[in-house]
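J.: Questions regarding the structure given below will be posed in turn.
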Amino acid sequence: MSSIKIECVASEGYRIGESPVWDEKERALLCVDITGKKVCRWSSLTQQVQAISVDAPVSSVALRKSGDYVITLGTRFAALKWKEQQVTTITQIDKDKPNNRFNDGKVDPAGRYFAGTMAEEIRPAVLERHQGSLYTLFSDHSVVKHFDQVDISNGLDWSLDHKTFFYIDSLSYSVDAFDYDLQTGKIGNRRSIYKLEKEESIPDGMCIDTEGKLWVACYDGGRVIRLDPETGKRLQTVKLPVDKTTSCCFGGQDYSEMYVTSARDGMDKEWLARQPQAGGIFKITGLGVKGIPPYPFAG
Ligand SMILES: O=C(O)[C@H](O)[C@@H](O)[C@H](O)[C@H](O)CO
Ligand SMILES: [Zn+2]
């Protein structure tokens, strides 16, 4: 049995830290602070964070095949050049919904950028319901909407055989699966594979490991849970020293470390005093399982 170690590697105190992605080339962890309107990069070599401020809530970041990054910014898909600190809009969605913004996003194994939207929150998990949709940005920069009526579009990933798409609409308290067609990027046959237990609270970001098991960050649950999508059983719980754990990814040497982002929005003074690391980035080692490299956007 391996021994699990949890370390806060960046205590920047992000308002809503999200979308951790390992950038192997830079040996760095990318992430965003959604309401803090920042894209951040923590270098494992220097242990320092660099941040680029942007003009709207930035909800996810992904690698790009041609180098640099793509982001979801407000209701836009955009390109981000890191060195130049330059943001260029690729395309805009939800134009008829001025109160919407993108939330979590991730690139599929064929290089398409999936990301969903939600209404802006009044406070955590309180918002106008059913306003969100799930979108895909293709490499030719065309966009497809898969479905609407989403509350809080969140975690997403693909099975190792690329035949299943996993997805979380947070307020359904469920982790769902769809059949996935890698050739076309189409999804279908939605079903629930896991319903969160009360103390697990709200399902948020997620990622898959090399054994095909899902890791889900539980917002207000202060933990990540490992699920078997085949049996619908929870296999493991790893608790963190903060309640608002938002998302997770694997990174580091051979993708053997897990990185977990967290938030502090919605916490009062007393709560923050009890959890001074809220909004930090955590590194978990000793899990005894690895992840897979993130796919870069092909466009
Ligand atoms: O991190 C996200 O994905 C959202 O943008 C957050 O706001 C939380 O998930 C939400 O508050 C929990 O329900
Ligand atoms: Zn999220």
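All residue names refer to the structure tokens as shown: chains lettered A, B, ... in order, residues numbered from 1 in each chain, ligands numbered from 1 in order.
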Find the nearest atom pair between each residue of chain A and ligand 1 for residues within 9 Å, count only C-alpha atoms and all ligand atoms, give distances in Å to one decimal, sort rows by chain and ascending number, and present the table as JSON lines.

T.:
{"residue": "A:Ile16", "atom": "CA", "partner": "ligand 1", "partner_atom_place_in_ligand_line": "1 (O)", "distance": 6.0}
{"residue": "A:Gly17", "atom": "CA", "partner": "ligand 1", "partner_atom_place_in_ligand_line": "1 (O)", "distance": 7.2}
{"residue": "A:Glu18", "atom": "CA", "partner": "ligand 1", "partner_atom_place_in_ligand_line": "1 (O)", "distance": 5.9}
{"residue": "A:Ser19", "atom": "CA", "partner": "ligand 1", "partner_atom_place_in_ligand_line": "1 (O)", "distance": 8.4}
{"residue": "A:Ile34", "atom": "CA", "partner": "ligand 1", "partner_atom_place_in_ligand_line": "5 (O)", "distance": 6.8}
{"residue": "A:Thr35", "atom": "CA", "partner": "ligand 1", "partner_atom_place_in_ligand_line": "5 (O)", "distance": 8.3}
{"residue": "A:Ser59", "atom": "CA", "partner": "ligand 1", "partner_atom_place_in_ligand_line": "5 (O)", "distance": 7.0}
{"residue": "A:Phe102", "atom": "CA", "partner": "ligand 1", "partner_atom_place_in_ligand_line": "5 (O)", "distance": 8.5}
{"residue": "A:Asn103", "atom": "CA", "partner": "ligand 1", "partner_atom_place_in_ligand_line": "5 (O)", "distance": 5.6}
{"residue": "A:Asp104", "atom": "CA", "partner": "ligand 1", "partner_atom_place_in_ligand_line": "3 (O)", "distance": 5.8}
{"residue": "A:Met118", "atom": "CA", "partner": "ligand 1", "partner_atom_place_in_ligand_line": "5 (O)", "distance": 8.3}
{"residue": "A:Glu120", "atom": "CA", "partner": "ligand 1", "partner_atom_place_in_ligand_line": "7 (O)", "distance": 8.4}
{"residue": "A:Glu121", "atom": "CA", "partner": "ligand 1", "partner_atom_place_in_ligand_line": "7 (O)", "distance": 6.8}
{"residue": "A:Arg123", "atom": "CA", "partner": "ligand 1", "partner_atom_place_in_ligand_line": "11 (O)", "distance": 7.2}
{"residue": "A:Pro124", "atom": "CA", "partner": "ligand 1", "partner_atom_place_in_ligand_line": "11 (O)", "distance": 3.7}
{"residue": "A:Ala125", "atom": "CA", "partner": "ligand 1", "partner_atom_place_in_ligand_line": "13 (O)", "distance": 3.9}
{"residue": "A:Val126", "atom": "CA", "partner": "ligand 1", "partner_atom_place_in_ligand_line": "11 (O)", "distance": 7.5}
{"residue": "A:Ile152", "atom": "CA", "partner": "ligand 1", "partner_atom_place_in_ligand_line": "13 (O)", "distance": 6.7}
{"residue": "A:Ser153", "atom": "CA", "partner": "ligand 1", "partner_atom_place_in_ligand_line": "3 (O)", "distance": 7.2}
{"residue": "A:Asn154", "atom": "CA", "partner": "ligand 1", "partner_atom_place_in_ligand_line": "3 (O)", "distance": 5.4}
{"residue": "A:Gly155", "atom": "CA", "partner": "ligand 1", "partner_atom_place_in_ligand_line": "3 (O)", "distance": 7.6}
{"residue": "A:Ser170", "atom": "CA", "partner": "ligand 1", "partner_atom_place_in_ligand_line": "13 (O)", "distance": 5.9}
{"residue": "A:Leu171", "atom": "CA", "partner": "ligand 1", "partner_atom_place_in_ligand_line": "13 (O)", "distance": 6.8}
{"residue": "A:Ile202", "atom": "CA", "partner": "ligand 1", "partner_atom_place_in_ligand_line": "13 (O)", "distance": 6.0}
{"residue": "A:Pro203", "atom": "CA", "partner": "ligand 1", "partner_atom_place_in_ligand_line": "13 (O)", "distance": 7.6}
{"residue": "A:Asp204", "atom": "CA", "partner": "ligand 1", "partner_atom_place_in_ligand_line": "9 (O)", "distance": 5.3}
{"residue": "A:Gly205", "atom": "CA", "partner": "ligand 1", "partner_atom_place_in_ligand_line": "3 (O)", "distance": 6.7}
{"residue": "A:Cys218", "atom": "CA", "partner": "ligand 1", "partner_atom_place_in_ligand_line": "12 (C)", "distance": 8.8}
{"residue": "A:Tyr219", "atom": "CA", "partner": "ligand 1", "partner_atom_place_in_ligand_line": "12 (C)", "distance": 5.8}
{"residue": "A:Asp220", "atom": "CA", "partner": "ligand 1", "partner_atom_place_in_ligand_line": "12 (C)", "distance": 7.9}
{"residue": "A:Lys244", "atom": "CA", "partner": "ligand 1", "partner_atom_place_in_ligand_line": "8 (C)", "distance": 8.4}
{"residue": "A:Thr245", "atom": "CA", "partner": "ligand 1", "partner_atom_place_in_ligand_line": "1 (O)", "distance": 8.6}
{"residue": "A:Thr246", "atom": "CA", "partner": "ligand 1", "partner_atom_place_in_ligand_line": "1 (O)", "distance": 5.3}
{"residue": "A:Ser247", "atom": "CA", "partner": "ligand 1", "partner_atom_place_in_ligand_line": "1 (O)", "distance": 7.5}
{"residue": "A:Ser262", "atom": "CA", "partner": "ligand 1", "partner_atom_place_in_ligand_line": "1 (O)", "distance": 8.2}
{"residue": "A:Ala263", "atom": "CA", "partner": "ligand 1", "partner_atom_place_in_ligand_line": "1 (O)", "distance": 7.6}
{"residue": "A:Asp265", "atom": "CA", "partner": "ligand 1", "partner_atom_place_in_ligand_line": "7 (O)", "distance": 8.2}
{"residue": "A:Gly266", "atom": "CA", "partner": "ligand 1", "partner_atom_place_in_ligand_line": "11 (O)", "distance": 8.4}

J.: Please give the complete set of residues from stretch 47-265 of chain A that DSSP, run on the backbone, assigns to helix (DSSP H, G or I), formatted as a ChimeraX atom specification.

T.: /A:170-172,198-200,253-255

J.: Here is a test: counting only C-alpha atoms and all ligand atoms, which residue of A:Glu270, A:Asp151, A:Asp140, A:Asp68 is nearest to ligand 2?

T.: A:Asp151

J.: Tell me, in Å to one decimal, how far atom CA of A:Gly132 is from atom CA of A:Asn100.

T.: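 Between atom CA of A:Gly132 and atom CA of A:Asn100 the gap is 7.4 Å.
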